[in-house]
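Text of query35.pdb, listed as PDB, C-alpha atoms:
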MODEL        1
ATOM      1  CA  MET A  24     271.716 125.162 -69.235
ATOM      2  CA  GLY A  25     273.842 127.674 -67.382
ATOM      3  CA  LYS A  26     274.225 131.209 -68.555
ATOM      4  CA  LYS A  27     277.306 132.066 -70.538
ATOM      5  CA  HIS A  28     279.443 134.787 -69.015
ATOM      6  CA  ILE A  29     280.526 137.226 -71.693
ATOM      7  CA  LEU A  30     283.316 139.608 -70.775
ATOM      8  CA  THR A  31     282.615 143.223 -71.566
ATOM      9  CA  ASP A  32     285.240 145.458 -73.116
ATOM     10  CA  ASP A  33     285.812 147.125 -69.755
ATOM     11  CA  ALA A  34     286.376 143.745 -68.101
ATOM     12  CA  LYS A  35     288.814 142.713 -70.812
ATOM     13  CA  TRP A  36     290.773 145.920 -70.371
ATOM     14  CA  GLY A  37     290.717 145.403 -66.608
ATOM     15  CA  TYR A  38     292.206 141.892 -66.881
ATOM     16  CA  LEU A  39     294.749 143.164 -69.403
ATOM     17  CA  LEU A  40     295.899 145.931 -67.070
ATOM     18  CA  VAL A  41     296.274 143.669 -64.024
ATOM     19  CA  ALA A  42     297.897 140.852 -66.040
ATOM     20  CA  PRO A  43     301.491 142.164 -65.663
ATOM     21  CA  THR A  44     301.073 142.378 -61.890
ATOM     22  CA  ILE A  45     299.536 138.896 -61.647
ATOM     23  CA  ILE A  46     302.199 137.379 -63.904
ATOM     24  CA  GLY A  47     304.937 139.120 -61.942
ATOM     25  CA  LEU A  48     303.440 137.879 -58.668
ATOM     26  CA  ILE A  49     303.355 134.289 -59.927
ATOM     27  CA  VAL A  50     306.822 134.343 -61.497
ATOM     28  CA  LEU A  51     308.632 136.323 -58.807
ATOM     29  CA  ASN A  52     306.779 135.256 -55.654
ATOM     30  CA  VAL A  53     304.491 132.242 -55.913
ATOM     31  CA  TYR A  54     306.728 129.970 -58.013
ATOM     32  CA  PRO A  55     309.930 130.712 -56.010
ATOM     33  CA  PHE A  56     308.050 130.052 -52.759
ATOM     34  CA  ILE A  57     306.773 126.689 -54.019
ATOM     35  CA  GLN A  58     310.269 125.818 -55.204
ATOM     36  CA  THR A  59     311.719 126.814 -51.832
ATOM     37  CA  LEU A  60     309.115 124.697 -50.053
ATOM     38  CA  VAL A  61     310.043 121.658 -52.161
ATOM     39  CA  LEU A  62     313.767 122.246 -51.604
ATOM     40  CA  SER A  63     313.233 122.451 -47.845
ATOM     41  CA  PHE A  64     312.281 118.769 -47.944
ATOM     42  CA  SER A  65     315.186 117.870 -50.238
ATOM     43  CA  THR A  66     318.903 117.275 -50.314
ATOM     44  CA  THR A  67     320.550 119.399 -52.967
ATOM     45  CA  HIS A  68     323.490 118.525 -55.189
ATOM     46  CA  PRO A  69     325.597 120.528 -57.666
ATOM     47  CA  PHE A  70     324.133 121.722 -60.975
ATOM     48  CA  GLY A  71     320.636 122.198 -59.521
ATOM     49  CA  ILE A  72     320.040 118.491 -58.859
ATOM     50  CA  TYR A  73     318.066 117.595 -55.748
ATOM     51  CA  GLU A  74     316.278 114.606 -54.224
ATOM     52  CA  VAL A  75     313.357 114.703 -51.815
ATOM     53  CA  THR A  76     314.433 113.295 -48.443
ATOM     54  CA  GLY A  77     311.522 114.224 -46.169
ATOM     55  CA  ILE A  78     311.842 116.243 -42.978
ATOM     56  CA  GLN A  79     315.571 115.669 -42.558
ATOM     57  CA  ASN A  80     316.410 119.356 -42.988
ATOM     58  CA  TYR A  81     313.849 120.388 -40.393
ATOM     59  CA  GLU A  82     315.112 117.814 -37.915
ATOM     60  CA  GLN A  83     318.638 119.123 -38.379
ATOM     61  CA  MET A  84     317.442 122.717 -38.098
ATOM     62  CA  PHE A  85     315.429 122.288 -34.905
ATOM     63  CA  ALA A  86     318.320 120.393 -33.304
ATOM     64  CA  SER A  87     320.808 123.164 -34.095
ATOM     65  CA  LYS A  88     321.764 125.592 -31.327
ATOM     66  CA  GLU A  89     323.002 128.031 -33.976
ATOM     67  CA  PHE A  90     319.533 128.078 -35.582
ATOM     68  CA  TRP A  91     317.772 128.828 -32.292
ATOM     69  CA  LYS A  92     320.329 131.524 -31.522
ATOM     70  CA  ALA A  93     319.647 133.118 -34.918
ATOM     71  CA  THR A  94     315.899 132.912 -34.250
ATOM     72  CA  TRP A  95     316.301 134.652 -30.908
ATOM     73  CA  ASN A  96     318.579 137.276 -32.488
ATOM     74  CA  SER A  97     315.875 138.076 -35.072
ATOM     75  CA  ILE A  98     313.177 138.343 -32.397
ATOM     76  CA  TYR A  99     315.470 140.374 -30.139
ATOM     77  CA  PHE A 100     316.212 142.705 -33.036
ATOM     78  CA  CYS A 101     312.451 143.252 -33.428
ATOM     79  CA  ILE A 102     312.126 144.029 -29.732
ATOM     80  CA  LEU A 103     314.972 146.549 -29.977
ATOM     81  CA  THR A 104     313.854 148.316 -33.137
ATOM     82  CA  VAL A 105     310.074 148.176 -33.527
ATOM     83  CA  PRO A 106     308.739 149.863 -30.334
ATOM     84  CA  ILE A 107     311.362 152.614 -30.252
ATOM     85  CA  GLY A 108     311.326 153.104 -34.020
ATOM     86  CA  VAL A 109     307.536 153.405 -34.263
ATOM     87  CA  PHE A 110     307.417 155.757 -31.257
ATOM     88  CA  LEU A 111     310.087 158.043 -32.730
ATOM     89  CA  SER A 112     308.372 157.944 -36.136
ATOM     90  CA  LEU A 113     305.059 158.988 -34.590
ATOM     91  CA  LEU A 114     306.784 161.744 -32.601
ATOM     92  CA  ALA A 115     308.534 163.014 -35.734
ATOM     93  CA  ALA A 116     305.266 162.929 -37.693
ATOM     94  CA  VAL A 117     303.468 164.984 -35.047
ATOM     95  CA  LEU A 118     306.287 167.533 -34.951
ATOM     96  CA  LEU A 119     306.422 167.755 -38.747
ATOM     97  CA  ASN A 120     302.675 168.380 -38.790
ATOM     98  CA  ALA A 121     303.050 171.380 -36.478
ATOM     99  CA  LYS A 122     303.230 174.930 -37.771
ATOM    100  CA  ILE A 123     306.987 175.376 -38.068
ATOM    101  CA  LYS A 124     309.145 177.065 -40.663
ATOM    102  CA  GLY A 125     310.931 174.900 -43.200
ATOM    103  CA  LYS A 126     308.741 171.823 -42.775
ATOM    104  CA  SER A 127     309.516 170.635 -46.297
ATOM    105  CA  ALA A 128     313.249 170.788 -45.605
ATOM    106  CA  PHE A 129     312.862 168.798 -42.374
ATOM    107  CA  ARG A 130     310.779 166.166 -44.156
ATOM    108  CA  ALA A 131     313.488 165.774 -46.783
ATOM    109  CA  ILE A 132     316.170 165.493 -44.108
ATOM    110  CA  TYR A 133     314.243 162.816 -42.200
ATOM    111  CA  PHE A 134     313.574 160.869 -45.401
ATOM    112  CA  LEU A 135     317.160 161.132 -46.669
ATOM    113  CA  PRO A 136     318.446 157.888 -44.997
ATOM    114  CA  MET A 137     315.967 155.883 -47.094
ATOM    115  CA  VAL A 138     317.570 156.993 -50.370
ATOM    116  CA  VAL A 139     321.176 156.599 -49.234
ATOM    117  CA  ALA A 140     322.868 153.348 -50.243
ATOM    118  CA  PRO A 141     322.939 150.825 -47.351
ATOM    119  CA  ALA A 142     326.660 150.275 -47.931
ATOM    120  CA  ALA A 143     327.342 153.983 -47.396
ATOM    121  CA  ILE A 144     325.232 153.983 -44.238
ATOM    122  CA  ALA A 145     327.110 150.974 -42.880
ATOM    123  CA  MET A 146     330.499 152.568 -43.586
ATOM    124  CA  VAL A 147     329.562 155.776 -41.783
ATOM    125  CA  TRP A 148     328.111 154.028 -38.754
ATOM    126  CA  LYS A 149     331.018 151.591 -38.505
ATOM    127  CA  TRP A 150     333.234 154.647 -38.252
ATOM    128  CA  ILE A 151     330.922 156.186 -35.623
ATOM    129  CA  PHE A 152     331.041 152.961 -33.565
ATOM    130  CA  ASN A 153     334.776 152.423 -34.036
ATOM    131  CA  ALA A 154     336.437 151.523 -30.726
ATOM    132  CA  GLU A 155     339.592 153.570 -31.352
ATOM    133  CA  TYR A 156     338.499 156.807 -33.034
ATOM    134  CA  GLY A 157     334.706 156.630 -33.250
ATOM    135  CA  ILE A 158     332.643 159.731 -32.483
ATOM    136  CA  ILE A 159     330.610 158.025 -29.757
ATOM    137  CA  ASN A 160     333.677 156.915 -27.825
ATOM    138  CA  GLN A 161     335.210 160.371 -28.282
ATOM    139  CA  ILE A 162     332.113 161.945 -26.747
ATOM    140  CA  ILE A 163     331.842 159.620 -23.741
ATOM    141  CA  GLY A 164     335.630 159.476 -23.306
ATOM    142  CA  THR A 165     336.072 155.708 -23.356
ATOM    143  CA  LYS A 166     336.933 152.853 -25.717
ATOM    144  CA  VAL A 167     333.908 150.594 -25.972
ATOM    145  CA  SER A 168     334.022 147.897 -28.654
ATOM    146  CA  TRP A 169     330.470 148.387 -29.848
ATOM    147  CA  LEU A 170     330.629 146.026 -32.833
ATOM    148  CA  THR A 171     332.818 143.275 -31.379
ATOM    149  CA  THR A 172     331.223 142.858 -27.947
ATOM    150  CA  PRO A 173     328.509 140.129 -27.989
ATOM    151  CA  GLY A 174     326.126 142.055 -25.740
ATOM    152  CA  LEU A 175     326.459 145.342 -27.650
ATOM    153  CA  VAL A 176     326.679 144.401 -31.313
ATOM    154  CA  LEU A 177     322.956 143.817 -31.912
ATOM    155  CA  PRO A 178     321.829 146.964 -30.030
ATOM    156  CA  ALA A 179     324.379 148.924 -32.092
ATOM    157  CA  CYS A 180     322.896 147.524 -35.310
ATOM    158  CA  ALA A 181     319.417 148.328 -33.966
ATOM    159  CA  VAL A 182     320.391 151.991 -33.575
ATOM    160  CA  VAL A 183     321.352 152.123 -37.250
ATOM    161  CA  ALA A 184     318.133 150.365 -38.292
ATOM    162  CA  ILE A 185     315.986 152.800 -36.300
ATOM    163  CA  TRP A 186     317.871 155.800 -37.689
ATOM    164  CA  SER A 187     317.413 154.502 -41.233
ATOM    165  CA  ALA A 188     313.676 153.791 -40.988
ATOM    166  CA  VAL A 189     312.312 156.614 -38.819
ATOM    167  CA  GLY A 190     312.048 159.090 -41.708
ATOM    168  CA  TYR A 191     310.139 156.736 -44.012
ATOM    169  CA  ASP A 192     307.703 155.673 -41.296
ATOM    170  CA  ALA A 193     307.258 159.276 -40.188
ATOM    171  CA  ILE A 194     306.227 160.317 -43.703
ATOM    172  CA  LEU A 195     303.617 157.529 -43.788
ATOM    173  CA  LEU A 196     302.256 158.535 -40.379
ATOM    174  CA  LEU A 197     302.308 162.195 -41.374
ATOM    175  CA  SER A 198     300.053 161.419 -44.331
ATOM    176  CA  GLY A 199     297.649 159.704 -41.946
ATOM    177  CA  ILE A 200     297.666 162.643 -39.525
ATOM    178  CA  GLN A 201     297.036 165.151 -42.296
ATOM    179  CA  ASN A 202     293.931 163.215 -43.372
ATOM    180  CA  ILE A 203     292.308 163.882 -39.991
ATOM    181  CA  SER A 204     289.637 166.558 -40.295
ATOM    182  CA  LYS A 205     290.529 169.805 -38.514
ATOM    183  CA  SER A 206     286.942 170.076 -37.305
ATOM    184  CA  TYR A 207     287.725 167.475 -34.615
ATOM    185  CA  TYR A 208     290.493 169.647 -33.201
ATOM    186  CA  GLU A 209     288.373 172.791 -33.414
ATOM    187  CA  ALA A 210     285.555 171.122 -31.492
ATOM    188  CA  ALA A 211     288.016 169.786 -28.904
ATOM    189  CA  SER A 212     289.567 173.244 -28.459
ATOM    190  CA  LEU A 213     286.129 174.753 -27.860
ATOM    191  CA  ASP A 214     285.557 172.108 -25.176
ATOM    192  CA  GLY A 215     288.817 173.141 -23.498
ATOM    193  CA  ALA A 216     290.916 170.070 -24.423
ATOM    194  CA  THR A 217     294.686 170.532 -24.199
ATOM    195  CA  LYS A 218     297.109 169.572 -26.974
ATOM    196  CA  ILE A 219     298.068 166.399 -25.115
ATOM    197  CA  GLN A 220     294.424 165.438 -24.654
ATOM    198  CA  GLN A 221     293.786 166.099 -28.343
ATOM    199  CA  PHE A 222     296.679 163.822 -29.252
ATOM    200  CA  PHE A 223     295.446 160.868 -27.183
ATOM    201  CA  LYS A 224     291.729 161.374 -27.883
ATOM    202  CA  ILE A 225     291.839 162.408 -31.553
ATOM    203  CA  THR A 226     295.222 162.019 -33.267
ATOM    204  CA  LEU A 227     296.209 158.611 -31.919
ATOM    205  CA  PRO A 228     292.835 156.876 -32.517
ATOM    206  CA  MET A 229     292.405 158.427 -35.975
ATOM    207  CA  VAL A 230     295.937 157.598 -37.141
ATOM    208  CA  SER A 231     295.820 154.062 -35.698
ATOM    209  CA  PRO A 232     295.090 152.370 -39.099
ATOM    210  CA  THR A 233     298.244 153.924 -40.581
ATOM    211  CA  LEU A 234     300.144 153.125 -37.393
ATOM    212  CA  PHE A 235     299.041 149.507 -37.706
ATOM    213  CA  VAL A 236     300.361 149.297 -41.286
ATOM    214  CA  VAL A 237     303.685 150.832 -40.223
ATOM    215  CA  LEU A 238     303.912 148.377 -37.328
ATOM    216  CA  ILE A 239     303.346 145.383 -39.613
ATOM    217  CA  MET A 240     305.899 146.638 -42.135
ATOM    218  CA  ARG A 241     308.511 147.292 -39.468
ATOM    219  CA  LEU A 242     307.996 143.885 -37.822
ATOM    220  CA  MET A 243     308.416 142.089 -41.142
ATOM    221  CA  ALA A 244     311.494 144.122 -42.051
ATOM    222  CA  SER A 245     313.086 143.466 -38.645
ATOM    223  CA  ILE A 246     312.517 139.716 -38.823
ATOM    224  CA  LYS A 247     314.023 139.630 -42.331
ATOM    225  CA  VAL A 248     317.024 141.834 -41.493
ATOM    226  CA  TYR A 249     320.150 140.781 -43.356
ATOM    227  CA  ASP A 250     321.990 143.487 -45.286
ATOM    228  CA  LEU A 251     322.556 145.761 -42.302
ATOM    229  CA  ILE A 252     324.076 143.015 -40.156
ATOM    230  CA  TYR A 253     326.074 141.654 -43.093
ATOM    231  CA  MET A 254     327.684 145.047 -43.690
ATOM    232  CA  MET A 255     328.098 146.046 -40.040
ATOM    233  CA  VAL A 256     329.470 142.742 -38.727
ATOM    234  CA  ASP A 257     332.360 141.058 -40.541
ATOM    235  CA  GLN A 258     332.481 137.267 -40.869
ATOM    236  CA  THR A 259     335.672 137.270 -38.777
ATOM    237  CA  ASN A 260     333.975 139.273 -36.023
ATOM    238  CA  PRO A 261     334.057 137.365 -32.695
ATOM    239  CA  ALA A 262     330.543 138.668 -31.946
ATOM    240  CA  LEU A 263     329.031 137.320 -35.174
ATOM    241  CA  THR A 264     327.078 134.587 -33.390
ATOM    242  CA  SER A 265     325.399 137.209 -31.205
ATOM    243  CA  ALA A 266     324.341 139.258 -34.245
ATOM    244  CA  GLN A 267     323.546 136.577 -36.823
ATOM    245  CA  SER A 268     319.907 136.738 -37.929
ATOM    246  CA  LEU A 269     317.851 134.054 -39.655
ATOM    247  CA  MET A 270     318.435 135.622 -43.070
ATOM    248  CA  TYR A 271     322.166 135.878 -42.389
ATOM    249  CA  LEU A 272     322.192 132.191 -41.468
ATOM    250  CA  PHE A 273     320.259 131.452 -44.672
ATOM    251  CA  TYR A 274     322.895 133.329 -46.676
ATOM    252  CA  ARG A 275     325.725 131.367 -45.091
ATOM    253  CA  GLU A 276     324.070 127.985 -45.599
ATOM    254  CA  SER A 277     322.900 128.679 -49.150
ATOM    255  CA  PHE A 278     325.643 130.749 -50.794
ATOM    256  CA  VAL A 279     328.698 129.883 -48.676
ATOM    257  CA  ALA A 280     328.119 126.268 -47.611
ATOM    258  CA  GLY A 281     325.991 125.377 -50.661
ATOM    259  CA  ASN A 282     323.405 123.575 -48.525
ATOM    260  CA  ARG A 283     320.327 124.947 -50.289
ATOM    261  CA  GLY A 284     317.929 122.387 -48.834
ATOM    262  CA  TYR A 285     318.770 123.329 -45.249
ATOM    263  CA  ALA A 286     318.763 127.031 -46.206
ATOM    264  CA  SER A 287     315.292 126.638 -47.718
ATOM    265  CA  ALA A 288     314.049 125.159 -44.450
ATOM    266  CA  ILE A 289     315.326 128.286 -42.682
ATOM    267  CA  VAL A 290     313.391 130.456 -45.132
ATOM    268  CA  ILE A 291     310.176 128.493 -44.580
ATOM    269  CA  TRP A 292     310.642 128.843 -40.809
ATOM    270  CA  THR A 293     311.140 132.604 -41.227
ATOM    271  CA  VAL A 294     307.987 132.884 -43.336
ATOM    272  CA  ALA A 295     306.059 130.909 -40.710
ATOM    273  CA  LEU A 296     307.418 133.139 -37.944
ATOM    274  CA  ILE A 297     306.383 136.273 -39.847
ATOM    275  CA  GLY A 298     302.966 134.726 -40.473
ATOM    276  CA  ILE A 299     302.441 133.984 -36.776
ATOM    277  CA  ILE A 300     303.480 137.497 -35.715
ATOM    278  CA  THR A 301     301.307 139.077 -38.412
ATOM    279  CA  ALA A 302     298.305 136.928 -37.439
ATOM    280  CA  LEU A 303     298.716 137.994 -33.805
ATOM    281  CA  GLN A 304     298.857 141.616 -34.907
ATOM    282  CA  PHE A 305     295.667 141.278 -36.964
ATOM    283  CA  TRP A 306     293.983 139.586 -34.014
ATOM    284  CA  GLY A 307     295.093 142.293 -31.603
ATOM    285  CA  GLN A 308     294.250 145.221 -33.886
ATOM    286  CA  LYS A 309     290.567 144.883 -33.019
ATOM    287  CA  LYS A 310     291.339 146.237 -29.568
ATOM    288  CA  TRP A 311     293.200 149.401 -30.561
ATOM    289  CA  VAL A 312     292.800 150.195 -34.274
ATOM    290  CA  ASN A 313     289.954 152.568 -35.033
ATOM    291  CA  TYR A 314     288.552 152.385 -38.588
ATOM    292  CA  GLU A 315     285.612 154.681 -37.911
ATOM    293  CA  VAL A 316     285.640 158.005 -39.711
TER     294      VAL A 316
ENDMDL
END
Let's see the structure in the file written out as structure tokens.
Amino acid sequence: MGKKHILTDDAKWGYLLVAPTIIGLIVLNVYPFIQTLVLSFSTTHPFGIYEVTGIQNYEQMFASKEFWKATWNSIYFCILTVPIGVFLSLLAAVLLNAKIKGKSAFRAIYFLPMVVAPAAIAMVWKWIFNAEYGIINQIIGTKVSWLTTPGLVLPACAVVAIWSAVGYDAILLLSGIQNISKSYYEAASLDGATKIQQFFKITLPMVSPTLFVVLIMRLMASIKVYDLIYMMVDQTNPALTSAQSLMYLFYRESFVAGNRGYASAIVIWTVALIGIITALQFWGQKKWVNYEV
């Protein structure tokens, strides 16, 4: 007969403490995902009624030029925001770690965009990019339609996304930099290493695990971008097609057109795309992320 496993009091308390998180994960994440997966193979009707119709939604989705354009827009948005955003975040973290006066004030200023309402951010930046009286056009002395020109609208939105996220990512990277032992820098200084050499030989390798986490977070956020584009680009904007992301297309199909089955297929595709990119990142991290202490 097998041994009976008796839970100790500590184990019972442990399960009790993690129960809210597990229940929340199942109710708010696992169940909705399963429901979305089922709906992606279904045709939906009013009042929550649906019937499973196979891969019809996916066939329609993969045959749609609008879908592929939205996919490219999401990937292009990642290309525009992630490399520059992560680089600027790392640069800001290094500068904030230096011995300068008022570091706490600078940290608060950099982090401020993360606590400002997205709607307020969009309003300010729409005014900055305004073709008639925007600050940017006033500075360069021209009238460029930043938010209504197909080739400029997504880069303009990318600028806002980078500005909004740099402070948060910089704080995360700063915490990683501050965990590096000063003895490494002292030994490097005794060996005659310059500040630049110390950065590439000590700081960058030692902060690479935090940098990897920031990179994953920023990639996922860029692929799922919706609110920024929704608030920056009006539905009557002639450049909407050039800015529409996968999540924006999902919103239109689900909440405007009422085609929840097709919208669910878009969500599943987005999740798969994020999964592929994340898997590639985890595969590639072996070549540049240093977990040795």
Residues matched by the PyMOL selection byres ((chain A and resi 292-294) around 12) as a PyMOL selection string: chain A and resi 56+59-60+63+80-81+84-85+90-91+93-95+97-98+243-248+268-273+285-291+295-301
message: Can you translate the PyMOL selection byres ((chain A and resi 133-135) around 9) into the concrete residues it hits in this file, as JSON, numbers by chain?
response: {"A": [115, 128, 129, 130, 131, 132, 136, 137, 138, 139, 187, 188, 189, 190, 191, 192, 193, 194]}
Can you write just those residues out, C-alpha atoms, as a CSV table (one decimal), in the frame of the given file?
chain,number,residue,atom,x,y,z
A,115,ALA,CA,308.5,163.0,-35.7
A,128,ALA,CA,313.2,170.8,-45.6
A,129,PHE,CA,312.9,168.8,-42.4
A,130,ARG,CA,310.8,166.2,-44.2
A,131,ALA,CA,313.5,165.8,-46.8
A,132,ILE,CA,316.2,165.5,-44.1
A,136,PRO,CA,318.4,157.9,-45.0
A,137,MET,CA,316.0,155.9,-47.1
A,138,VAL,CA,317.6,157.0,-50.4
A,139,VAL,CA,321.2,156.6,-49.2
A,187,SER,CA,317.4,154.5,-41.2
A,188,ALA,CA,313.7,153.8,-41.0
A,189,VAL,CA,312.3,156.6,-38.8
A,190,GLY,CA,312.0,159.1,-41.7
A,191,TYR,CA,310.1,156.7,-44.0
A,192,ASP,CA,307.7,155.7,-41.3
A,193,ALA,CA,307.3,159.3,-40.2
A,194,ILE,CA,306.2,160.3,-43.7
Within 9 Å of region 162-184 of chain A, which residues of region 40-123 of chain A come that close, and what is the closest atom pair and distance in Å for each? Count all atoms listed in the file and give it as JSON lines.
{"residue": "A:Asn96", "atom": "CA", "partner": "A:Leu177", "partner_atom": "CA", "distance": 7.9}
{"residue": "A:Tyr99", "atom": "CA", "partner": "A:Leu177", "partner_atom": "CA", "distance": 8.4}
{"residue": "A:Phe100", "atom": "CA", "partner": "A:Ala181", "partner_atom": "CA", "distance": 6.5}
{"residue": "A:Cys101", "atom": "CA", "partner": "A:Ala181", "partner_atom": "CA", "distance": 8.6}
{"residue": "A:Leu103", "atom": "CA", "partner": "A:Ala181", "partner_atom": "CA", "distance": 6.2}
{"residue": "A:Thr104", "atom": "CA", "partner": "A:Ala181", "partner_atom": "CA", "distance": 5.6}
{"residue": "A:Gly108", "atom": "CA", "partner": "A:Ala184", "partner_atom": "CA", "distance": 8.5}
- request: Quick one: pull the distance between CA of Asn260 (chain A) and CA of Ala154 (chain A), Å, one decimal.
  value: 13.6 Å
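You will find CA of Gln258 (chain A) at 26.7 Å from CA of Gly71 (chain A).
Shell of Thr264 (chain A) at 8 Å, with all atoms listed in the file counted and residues fewer than 2 places along the chain excluded, is Glu89, Lys92, Ala93, Pro173, Pro261, Ala262, Ala266 and Gln267 of chain A.
Here the PyMOL selection byres ((chain A and resi 251) around 8) matches the residues Pro141, Ala145, Cys180, Ala184, Val248, Tyr249, Asp250, Ile252, Tyr253, Met254 and Met255 of chain A.
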C-alpha atoms of the current selection, written as a short mmCIF file (atom, residue, chain, number, x, y, z; two decimals), keeping the file's coordinate frame:
data_model
loop_
_atom_site.label_atom_id
_atom_site.label_comp_id
_atom_site.auth_asym_id
_atom_site.auth_seq_id
_atom_site.Cartn_x
_atom_site.Cartn_y
_atom_site.Cartn_z
CA PRO A 141 322.94 150.82 -47.35
CA ALA A 145 327.11 150.97 -42.88
CA CYS A 180 322.90 147.52 -35.31
CA ALA A 184 318.13 150.36 -38.29
CA VAL A 248 317.02 141.83 -41.49
CA TYR A 249 320.15 140.78 -43.36
CA ASP A 250 321.99 143.49 -45.29
CA ILE A 252 324.08 143.01 -40.16
CA TYR A 253 326.07 141.65 -43.09
CA MET A 254 327.68 145.05 -43.69
CA MET A 255 328.10 146.05 -40.04
#
